[in-house]
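Q: Sharing target.csv below, CSV, C-alpha atoms:
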```csv
chain,number,residue,atom,x,y,z
A,218,MET,CA,-6.9,5.4,28.5
A,219,SER,CA,-9.5,3.8,30.7
A,220,GLY,CA,-13.0,2.6,30.5
A,221,ALA,CA,-15.2,-0.4,30.1
A,222,TYR,CA,-13.0,-1.9,27.4
A,223,ASP,CA,-10.1,-2.3,29.8
A,224,GLU,CA,-12.3,-3.8,32.5
A,225,HIS,CA,-13.6,-6.3,30.0
A,226,GLY,CA,-10.0,-7.3,29.2
A,227,HIS,CA,-10.2,-6.5,25.5
A,228,HIS,CA,-6.6,-5.3,25.6
A,229,HIS,CA,-5.3,-8.7,26.4
A,230,ARG,CA,-3.8,-10.7,23.6
A,231,GLU,CA,-6.3,-13.1,22.1
A,232,PRO,CA,-5.7,-16.0,19.8
A,233,GLU,CA,-6.2,-15.2,16.1
A,234,SER,CA,-9.3,-17.3,15.8
A,235,VAL,CA,-11.0,-15.3,18.6
A,236,LEU,CA,-10.1,-12.1,16.9
A,237,SER,CA,-11.4,-13.4,13.6
A,238,LEU,CA,-14.8,-14.4,15.2
A,239,ARG,CA,-15.0,-11.0,16.8
A,240,VAL,CA,-14.4,-9.2,13.5
A,241,ARG,CA,-17.1,-11.4,11.9
A,242,ALA,CA,-19.5,-10.5,14.7
A,243,LEU,CA,-18.7,-6.8,14.2
A,244,GLU,CA,-19.3,-7.0,10.5
A,245,SER,CA,-22.6,-8.8,10.9
A,246,LEU,CA,-23.7,-6.1,13.3
A,247,LEU,CA,-22.6,-3.3,11.0
A,248,VAL,CA,-24.3,-4.9,8.0
A,249,GLU,CA,-27.5,-5.5,10.0
A,250,LYS,CA,-27.5,-1.8,10.9
A,251,LYS,CA,-26.8,-0.9,7.3
A,252,LEU,CA,-23.8,1.0,8.3
A,253,VAL,CA,-21.6,-0.9,5.8
A,254,SER,CA,-22.2,-3.4,3.1
A,255,SER,CA,-19.9,-6.4,2.7
A,256,GLU,CA,-19.5,-5.6,-1.0
A,257,ALA,CA,-18.2,-2.1,-0.2
A,258,VAL,CA,-15.7,-3.7,2.3
A,259,ASP,CA,-14.6,-6.1,-0.5
A,260,ARG,CA,-14.1,-3.3,-2.9
A,261,ILE,CA,-12.2,-1.2,-0.5
A,262,VAL,CA,-9.8,-4.0,0.5
A,263,SER,CA,-9.2,-4.9,-3.1
A,264,ALA,CA,-8.6,-1.3,-4.1
A,265,TYR,CA,-6.1,-0.6,-1.3
A,266,GLU,CA,-4.3,-4.0,-1.9
A,267,GLN,CA,-4.0,-3.4,-5.6
A,268,ASP,CA,-3.8,0.3,-6.2
A,269,ILE,CA,-1.1,1.2,-3.7
A,270,GLY,CA,2.4,0.2,-4.1
A,271,PRO,CA,4.3,-0.5,-7.3
A,272,HIS,CA,1.1,-1.5,-9.1
A,273,ASN,CA,0.1,1.9,-10.4
A,274,GLY,CA,3.6,2.6,-11.8
A,275,ALA,CA,3.6,-0.8,-13.4
A,276,LYS,CA,0.3,0.0,-15.2
A,277,VAL,CA,1.9,3.2,-16.5
A,278,VAL,CA,4.9,1.3,-17.8
A,279,ALA,CA,2.8,-1.4,-19.5
A,280,ARG,CA,0.7,1.2,-21.2
A,281,ALA,CA,3.8,2.9,-22.6
A,282,TRP,CA,5.1,-0.4,-23.9
A,283,VAL,CA,1.9,-1.2,-25.8
A,284,ASP,CA,1.0,2.3,-26.9
A,285,PRO,CA,3.7,4.3,-28.6
A,286,ALA,CA,1.6,7.5,-28.6
A,287,TYR,CA,1.1,7.2,-24.9
A,288,LYS,CA,4.8,6.5,-24.4
A,289,GLN,CA,5.6,9.8,-26.3
A,290,ARG,CA,3.2,11.7,-24.1
A,291,LEU,CA,4.6,10.1,-21.0
A,292,LEU,CA,8.2,11.1,-21.8
A,293,THR,CA,7.1,14.6,-22.8
A,294,ASP,CA,4.9,15.4,-19.9
A,295,GLY,CA,4.8,12.6,-17.3
A,296,THR,CA,2.5,14.5,-14.9
A,297,ALA,CA,-0.2,14.9,-17.6
A,298,ALA,CA,0.3,11.3,-18.9
A,299,ILE,CA,-0.2,9.6,-15.5
A,300,GLU,CA,-3.3,11.8,-14.9
A,301,GLU,CA,-4.8,10.2,-18.0
A,302,LEU,CA,-4.7,6.9,-16.1
A,303,GLY,CA,-6.1,8.4,-13.0
A,304,PHE,CA,-2.9,8.9,-11.1
A,305,GLY,CA,-1.7,12.2,-9.9
A,306,GLY,CA,-0.6,14.3,-7.0
A,307,VAL,CA,3.0,14.4,-8.2
A,308,ASP,CA,5.1,16.3,-10.7
A,309,LEU,CA,6.7,13.5,-12.6
A,310,HIS,CA,9.5,13.2,-15.2
A,311,VAL,CA,9.8,9.8,-16.8
A,312,VAL,CA,13.2,8.7,-18.1
A,313,GLU,CA,13.6,5.9,-20.7
A,314,ASN,CA,16.0,3.1,-20.6
A,315,LYS,CA,17.2,2.1,-24.0
A,316,PRO,CA,20.1,0.3,-25.6
A,317,GLY,CA,23.2,2.0,-24.4
A,318,VAL,CA,21.5,4.1,-21.7
A,319,HIS,CA,20.5,3.1,-18.2
A,320,ASN,CA,18.7,5.5,-15.8
A,321,LEU,CA,19.0,5.4,-12.0
A,322,VAL,CA,16.8,7.5,-9.6
A,323,VAL,CA,18.0,8.7,-6.2
A,324,CYS,CA,17.1,11.5,-3.8
A,325,THR,CA,20.4,12.7,-2.5
A,326,LEU,CA,18.9,15.1,0.0
A,327,CYS,CA,16.2,12.9,1.6
A,328,SER,CA,13.8,10.4,0.2
A,329,CYS,CA,11.7,12.1,-2.4
A,330,TYR,CA,9.9,9.3,-4.3
A,331,PRO,CA,6.8,9.0,-6.5
A,332,HIS,CA,4.6,7.3,-3.8
A,333,ALA,CA,1.4,7.5,-5.8
A,334,LEU,CA,3.0,5.3,-8.4
A,335,ILE,CA,5.3,2.9,-6.6
A,336,GLY,CA,4.2,3.0,-2.9
A,337,LEU,CA,6.5,3.7,0.0
A,338,PRO,CA,10.3,3.9,-0.6
A,339,PRO,CA,12.3,0.9,0.5
A,340,VAL,CA,14.6,1.3,3.5
A,341,TRP,CA,17.7,1.2,1.3
A,342,TYR,CA,16.5,4.1,-0.9
A,343,LYS,CA,16.4,6.3,2.2
A,344,SER,CA,19.8,5.1,3.5
A,345,PHE,CA,22.8,7.5,3.4
A,346,GLU,CA,24.8,4.9,1.7
A,347,TYR,CA,22.5,4.6,-1.3
A,348,ARG,CA,22.0,8.4,-1.5
A,349,SER,CA,25.7,9.1,-1.6
A,350,ARG,CA,27.0,6.1,-3.5
A,351,ALA,CA,24.4,6.1,-6.3
A,352,VAL,CA,25.9,9.3,-7.5
A,353,ARG,CA,29.6,8.6,-6.8
A,354,GLU,CA,29.8,5.0,-8.0
A,355,PRO,CA,26.5,4.0,-9.7
A,356,ARG,CA,28.0,1.2,-11.7
A,357,GLU,CA,29.2,-0.5,-8.5
A,358,VAL,CA,25.9,0.1,-6.7
A,359,LEU,CA,24.0,-1.4,-9.7
A,360,ARG,CA,26.4,-4.5,-9.6
A,361,GLU,CA,25.5,-5.0,-6.0
A,362,PHE,CA,21.8,-5.0,-7.0
A,363,GLY,CA,22.7,-7.7,-9.5
A,364,VAL,CA,22.7,-5.4,-12.6
A,365,ASP,CA,26.0,-5.8,-14.3
A,366,LEU,CA,26.1,-3.3,-17.1
A,367,PRO,CA,28.8,-3.2,-19.8
A,368,GLU,CA,31.2,-0.3,-19.7
A,369,SER,CA,29.7,0.9,-23.0
A,370,VAL,CA,26.3,1.6,-21.3
A,371,GLU,CA,25.9,5.2,-20.1
A,372,ILE,CA,24.4,5.5,-16.7
A,373,ARG,CA,22.3,8.6,-16.1
A,374,ILE,CA,21.6,9.7,-12.5
A,375,TRP,CA,18.4,11.5,-11.7
A,376,ASP,CA,18.1,13.4,-8.4
A,377,SER,CA,14.5,13.5,-7.2
A,378,SER,CA,13.3,16.5,-5.3
A,379,ALA,CA,10.2,17.6,-3.5
A,380,GLU,CA,9.2,19.5,-6.7
A,381,LEU,CA,10.0,16.8,-9.3
A,382,ARG,CA,10.0,13.0,-9.0
A,383,TYR,CA,11.6,10.7,-11.5
A,384,LEU,CA,10.4,7.3,-12.7
A,385,VAL,CA,12.4,4.9,-14.9
A,386,LEU,CA,10.6,3.5,-18.0
A,387,PRO,CA,12.4,0.1,-18.2
A,388,GLU,CA,13.0,-1.6,-21.5
A,389,ARG,CA,10.4,-4.1,-22.5
A,390,PRO,CA,11.9,-7.5,-22.2
A,391,ALA,CA,12.4,-9.6,-25.4
A,392,GLY,CA,10.0,-12.4,-26.0
A,393,THR,CA,7.0,-10.6,-24.5
A,394,GLU,CA,5.2,-9.8,-27.8
A,395,GLY,CA,2.3,-12.1,-27.1
A,396,LEU,CA,1.6,-10.7,-23.6
A,397,SER,CA,-1.4,-8.5,-22.8
A,398,GLU,CA,-1.0,-5.1,-21.2
A,399,ALA,CA,-2.1,-6.6,-17.8
A,400,GLN,CA,0.4,-9.5,-18.1
A,401,LEU,CA,3.2,-7.0,-19.0
A,402,ALA,CA,2.3,-4.9,-15.9
A,403,GLU,CA,3.0,-7.9,-13.8
A,404,LEU,CA,6.6,-8.0,-15.0
A,405,VAL,CA,7.3,-4.5,-13.9
A,406,THR,CA,8.8,-4.3,-10.4
A,407,ARG,CA,9.4,-1.4,-8.1
A,408,ASP,CA,13.1,-1.8,-8.3
A,409,ALA,CA,13.0,-1.6,-12.2
A,410,MET,CA,11.1,1.7,-11.9
A,411,ILE,CA,13.8,3.1,-9.6
A,412,GLY,CA,16.5,1.7,-12.0
A,413,VAL,CA,18.2,-0.8,-9.7
A,414,ALA,CA,16.8,-3.8,-11.6
A,415,LEU,CA,16.1,-4.8,-15.2
A,416,THR,CA,12.8,-6.1,-16.3
A,417,ARG,CA,12.9,-9.8,-17.1
A,418,PRO,CA,10.5,-11.9,-19.3
A,419,PRO,CA,8.3,-14.3,-17.4
A,420,ALA,CA,10.1,-17.5,-16.5
A,421,SER,CA,7.9,-19.5,-18.9
A,422,ALA,CA,8.6,-17.3,-21.9
A,423,ALA,CA,12.3,-17.1,-21.2
A,424,ARG,CA,14.4,-18.8,-23.8
B,240,MET,CA,-16.7,1.6,-9.6
B,241,ASP,CA,-13.7,0.9,-7.5
B,242,PRO,CA,-13.0,3.3,-4.7
B,243,VAL,CA,-9.8,5.3,-5.1
B,244,PRO,CA,-7.5,4.9,-2.1
B,245,SER,CA,-7.4,8.0,0.0
B,246,ARG,CA,-3.9,9.4,0.6
B,247,GLU,CA,-5.0,10.5,4.1
B,248,ILE,CA,-5.4,6.8,4.9
B,249,ALA,CA,-2.8,5.2,2.8
B,250,ASP,CA,0.0,7.6,3.8
B,251,MET,CA,-0.5,7.7,7.6
B,252,THR,CA,2.9,8.0,9.2
B,253,GLY,CA,4.5,7.2,12.5
B,254,ASP,CA,3.0,4.6,14.8
B,255,ALA,CA,-0.3,4.7,12.8
B,256,ALA,CA,1.4,3.8,9.5
B,257,LEU,CA,-0.2,0.8,7.8
B,258,PRO,CA,2.0,-2.3,7.8
B,259,ARG,CA,3.5,-2.8,4.3
B,260,LYS,CA,5.9,-5.0,2.5
B,261,ASN,CA,7.6,-3.8,-0.6
B,262,GLY,CA,5.3,-0.8,-0.5
B,263,GLU,CA,2.1,-2.9,-0.6
B,264,LEU,CA,-0.3,-3.3,2.3
B,265,VAL,CA,0.0,-6.5,4.2
B,266,PHE,CA,-2.9,-8.3,5.8
B,267,ALA,CA,-1.5,-11.3,7.6
B,268,GLU,CA,-4.9,-12.7,8.2
B,269,ALA,CA,-8.2,-12.3,6.4
B,270,TRP,CA,-9.9,-10.6,9.4
B,271,GLN,CA,-7.3,-7.8,9.2
B,272,GLY,CA,-8.4,-6.9,5.7
B,273,ARG,CA,-12.1,-7.0,6.8
B,274,ILE,CA,-11.5,-4.7,9.8
B,275,PHE,CA,-9.5,-2.3,7.6
B,276,GLY,CA,-12.2,-2.3,5.0
B,277,MET,CA,-15.0,-1.8,7.5
B,278,THR,CA,-13.2,1.2,9.1
B,279,VAL,CA,-12.5,2.8,5.7
B,280,ALA,CA,-16.1,2.2,4.6
B,281,MET,CA,-17.5,3.8,7.8
B,282,SER,CA,-15.4,6.8,7.2
B,283,HIS,CA,-16.7,7.0,3.6
B,284,GLU,CA,-20.3,6.7,4.7
B,285,ALA,CA,-19.8,9.6,7.1
B,286,GLY,CA,-19.9,7.5,10.3
B,287,PHE,CA,-16.9,9.5,11.3
B,288,GLU,CA,-14.0,11.5,9.9
B,289,TRP,CA,-10.8,9.6,9.2
B,290,ARG,CA,-8.8,11.7,11.6
B,291,GLU,CA,-11.1,10.8,14.4
B,292,PHE,CA,-10.3,7.2,13.9
B,293,GLN,CA,-6.6,8.0,13.4
B,294,THR,CA,-6.5,9.8,16.8
B,295,GLN,CA,-8.2,6.8,18.5
B,296,LEU,CA,-5.7,4.4,16.8
B,297,ILE,CA,-2.7,6.4,17.9
B,298,ALA,CA,-4.1,6.5,21.5
B,299,GLU,CA,-4.7,2.8,21.4
B,300,ILE,CA,-1.2,2.1,20.2
B,301,ALA,CA,0.3,4.3,22.8
B,302,HIS,CA,-1.7,2.6,25.5
B,303,ALA,CA,-0.7,-0.9,24.4
B,304,GLU,CA,3.0,0.2,24.2
B,305,ARG,CA,2.8,1.6,27.7
B,306,GLU,CA,1.3,-1.5,29.0
B,307,GLY,CA,3.9,-3.6,27.2
B,308,GLU,CA,1.2,-5.6,25.4
B,309,PRO,CA,2.4,-7.8,22.6
B,310,SER,CA,-0.8,-7.2,20.5
B,311,SER,CA,-0.5,-6.8,16.8
B,312,TYR,CA,-1.2,-3.6,14.8
B,313,TYR,CA,-4.6,-4.7,13.6
B,314,GLU,CA,-5.6,-6.0,17.0
B,315,ARG,CA,-5.0,-2.5,18.3
B,316,TRP,CA,-6.9,-1.2,15.2
B,317,LEU,CA,-9.8,-3.4,16.1
B,318,HIS,CA,-9.9,-2.0,19.7
B,319,ALA,CA,-9.7,1.6,18.5
B,320,PHE,CA,-12.5,1.0,16.0
B,321,GLU,CA,-14.8,-0.7,18.6
B,322,ARG,CA,-14.2,2.2,21.0
B,323,LEU,CA,-15.0,4.8,18.3
B,324,LEU,CA,-18.2,3.0,17.4
B,325,ALA,CA,-19.2,2.9,21.1
B,326,ASP,CA,-18.4,6.6,21.6
B,327,LYS,CA,-20.5,7.5,18.6
B,328,ASP,CA,-23.4,5.2,19.8
B,329,LEU,CA,-23.1,3.3,16.6
B,330,VAL,CA,-22.4,-0.1,18.1
B,331,ASP,CA,-23.2,-1.0,21.7
B,332,PRO,CA,-20.3,-2.9,23.3
B,333,THR,CA,-22.7,-5.2,25.0
B,334,ALA,CA,-24.4,-6.0,21.7
B,335,LEU,CA,-21.0,-6.8,20.2
B,336,ALA,CA,-20.1,-9.0,23.1
B,337,GLU,CA,-23.3,-11.0,22.7
B,338,ARG,CA,-22.9,-11.2,19.0
B,339,THR,CA,-19.3,-12.4,19.4
B,340,HIS,CA,-20.6,-15.0,21.8
B,341,ASP,CA,-23.1,-16.2,19.2
B,342,PHE,CA,-20.3,-16.7,16.8
B,343,GLU,CA,-18.0,-18.4,19.3
B,344,ALA,CA,-20.9,-20.8,20.4
B,345,GLY,CA,-21.7,-21.6,16.8
B,346,HIS,CA,-25.2,-20.1,16.9
B,347,ARG,CA,-24.2,-17.9,14.0
B,348,ASP,CA,-21.8,-18.6,11.2
B,349,ASP,CA,-22.0,-15.8,8.7
B,350,VAL,CA,-19.0,-15.7,6.5
B,351,PHE,CA,-17.9,-12.4,4.9
```
Could you show the structure in this file as structure tokens?
A:
Amino acid sequence: MSGAYDEHGHHHREPESVLSLRVRALESLLVEKKLVSSEAVDRIVSAYEQDIGPHNGAKVVARAWVDPAYKQRLLTDGTAAIEELGFGGVDLHVVENKPGVHNLVVCTLCSCYPHALIGLPPVWYKSFEYRSRAVREPREVLREFGVDLPESVEIRIWDSSAELRYLVLPERPAGTEGLSEAQLAELVTRDAMIGVALTRPPASAAR
Amino acid sequence: MDPVPSREIADMTGDAALPRKNGELVFAEAWQGRIFGMTVAMSHEAGFEWREFQTQLIAEIAHAEREGEPSSYYERWLHAFERLLADKDLVDPTALAERTHDFEAGHRDDVF
């Protein structure tokens, strides 16, 4: 690439503060020209920060915890149930953790994953080691993630594919009866929705 | 009404992929979020199509890599955005340079 920008040295590394001033100058120009509004920029940044990643899945889980009818719909037809909350673009089957049953999601072939609900897959999810060992020795893999399940607990493995993605509905932690749906959503991690972690009560509510 | 994130933007792959941690977008500095938001807003307001910006961003990243420049992802993003705005006659590079000078010299101090 060539052109005026190169000649003006814009490609040189600049201190962060200079970049920050430049971005502010640009925003003031764009606002002046009515090409953008600062409120629109605020809303976009906030939407992308909050709505991508594990956040959407956490909202689904929290809703299922507080609304038994929603939970039933979610387990019966995950695709339709997440659409109720405005999430879609994926055929989803939700599997429920309960006493005596723990679910674990893997994609043995590649890295199929419900992006719309829990963001991009972590590196280990895509690793050959996880993809092969999750099926062969799930109990050991879970132990390495810090989840030490008693032998009496059955572990069910779900192999995601391009056609159908799985999401784990973790068990609602004890001692969270007083929490709001939004507070509950904050307890739900990406790893819990893959099945390699349990959901814990907030530190303050524990014990 | 909050905007719904576009998969076209959120799921860019390869060199153009948005920096993330644990699946979530990472803006190491406030200005990175502002420039991201401005670019997305301009694409919503029909200033340009997202793929036009994406093409520019990929070219900018390739250029910086070729030149061995240690610039950050969002620094390259900023350059790509400026260039696209100039190409579309939306923001004149000279006007931007002058406005930046106003901020550097303290003649202006708008905070967004």
Q: Got a sec: who's within 9 Å of stretch 292-303 of chain A, counting all atoms listed in the file, leaving out chain neighbours fewer than 2 positions off, as a list in words?
A: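 Using all atoms listed in the file, the neighbours found are Asn273, Gly274, Lys276, Val277, Tyr287, Lys288, Gln289, Arg290, Gly305, Gly306, Val307, Asp308, Leu309, His310, Val311, Val312, Glu313, Leu334, Leu384 and Leu386 of chain A.
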Q: Would you give me, as a PyMOL selection string, the residues of chain B that come within 6 Å of chain A, using all atoms listed in the file?
A: chain B and resi 244+262-264+270+276-277+310+338-339
Q: What lies within 12 Å of B:Ser282 using all atoms listed in the file, ignoring chain neighbours under 2 positions off, as a PyMOL selection string?
A: (chain A and resi 252-253+257-258+261) or (chain B and resi 245+247-248+275-280+284-293+320+323-324)
Q: Report, in Å to a single decimal, how far apart atom CA of A:Ser377 and atom CA of A:Cys327 are.
A: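 Between these atoms lies a distance of 9.0 Å.
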Q: Looking at all atoms listed in the file, which of B:Ala269, B:Leu335, B:Leu329, B:Ile274 is the one that sits closest to B:Arg315?
A: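 Once distances to B:Arg315 are computed over all atoms listed in the file, the minimum belongs to B:Ile274.
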Q: So, with all atoms listed in the file as the atoms that count, which of A:Ser369, A:Glu346, A:Val318, A:Ala275 lies closest to A:Thr416?
A: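 Counting all atoms listed in the file, the residue closest to A:Thr416 is A:Ala275.
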Q: Identify the residues within 12 Å of coordinate (15.0, -2.5, -11.9) (same frame as the file), considering all atoms listed in the file, and give the answer as a PyMOL selection string.
A: chain A and resi 271+275+314+319-322+359-360+362-365+384-390+404-417
Q: Only C-alpha atoms, please: the residues just picked out, written as a short mmCIF file (atom, residue, chain, number, x, y, z; two decimals), in the coordinates of the input.
A:
```cif
data_model
loop_
_atom_site.label_atom_id
_atom_site.label_comp_id
_atom_site.auth_asym_id
_atom_site.auth_seq_id
_atom_site.Cartn_x
_atom_site.Cartn_y
_atom_site.Cartn_z
CA PRO A 271 4.30 -0.50 -7.30
CA ALA A 275 3.60 -0.80 -13.40
CA ASN A 314 16.00 3.10 -20.60
CA HIS A 319 20.50 3.10 -18.20
CA ASN A 320 18.70 5.50 -15.80
CA LEU A 321 19.00 5.40 -12.00
CA VAL A 322 16.80 7.50 -9.60
CA LEU A 359 24.00 -1.40 -9.70
CA ARG A 360 26.40 -4.50 -9.60
CA PHE A 362 21.80 -5.00 -7.00
CA GLY A 363 22.70 -7.70 -9.50
CA VAL A 364 22.70 -5.40 -12.60
CA ASP A 365 26.00 -5.80 -14.30
CA LEU A 384 10.40 7.30 -12.70
CA VAL A 385 12.40 4.90 -14.90
CA LEU A 386 10.60 3.50 -18.00
CA PRO A 387 12.40 0.10 -18.20
CA GLU A 388 13.00 -1.60 -21.50
CA ARG A 389 10.40 -4.10 -22.50
CA PRO A 390 11.90 -7.50 -22.20
CA LEU A 404 6.60 -8.00 -15.00
CA VAL A 405 7.30 -4.50 -13.90
CA THR A 406 8.80 -4.30 -10.40
CA ARG A 407 9.40 -1.40 -8.10
CA ASP A 408 13.10 -1.80 -8.30
CA ALA A 409 13.00 -1.60 -12.20
CA MET A 410 11.10 1.70 -11.90
CA ILE A 411 13.80 3.10 -9.60
CA GLY A 412 16.50 1.70 -12.00
CA VAL A 413 18.20 -0.80 -9.70
CA ALA A 414 16.80 -3.80 -11.60
CA LEU A 415 16.10 -4.80 -15.20
CA THR A 416 12.80 -6.10 -16.30
CA ARG A 417 12.90 -9.80 -17.10
#
```
Q: Could you name the residues that touch A:Asp376 at 10 Å or less, counting all atoms listed in the file, but leaving out those on the same chain fewer than 4 positions away, as a list of chain:residue names?
A: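 Those residues are A:Leu321, A:Val322, A:Val323, A:Cys324, A:Thr325, A:Leu326, A:Cys329, A:Arg348, A:Ala351, A:Val352, A:Leu381, A:Arg382, A:Tyr383.
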Q: Find the residues around stretch 296-307 of chain B up to 6 Å (all atoms listed in the file counted), leave out those fewer than 2 positions away in its own chain, and share them as a ChimeraX atom specification.
A: /B:255,293-294,316,319
Q: Output C-alpha atoms of each residue in that selection to a file, as a PDB file, keeping the file's coordinate frame.
A:
```pdb
ATOM      1  CA  ALA B 255      -0.300   4.700  12.800  1.00  0.00           C
ATOM      2  CA  GLN B 293      -6.600   8.000  13.400  1.00  0.00           C
ATOM      3  CA  THR B 294      -6.500   9.800  16.800  1.00  0.00           C
ATOM      4  CA  TRP B 316      -6.900  -1.200  15.200  1.00  0.00           C
ATOM      5  CA  ALA B 319      -9.700   1.600  18.500  1.00  0.00           C
TER       6      ALA B 319
END
```
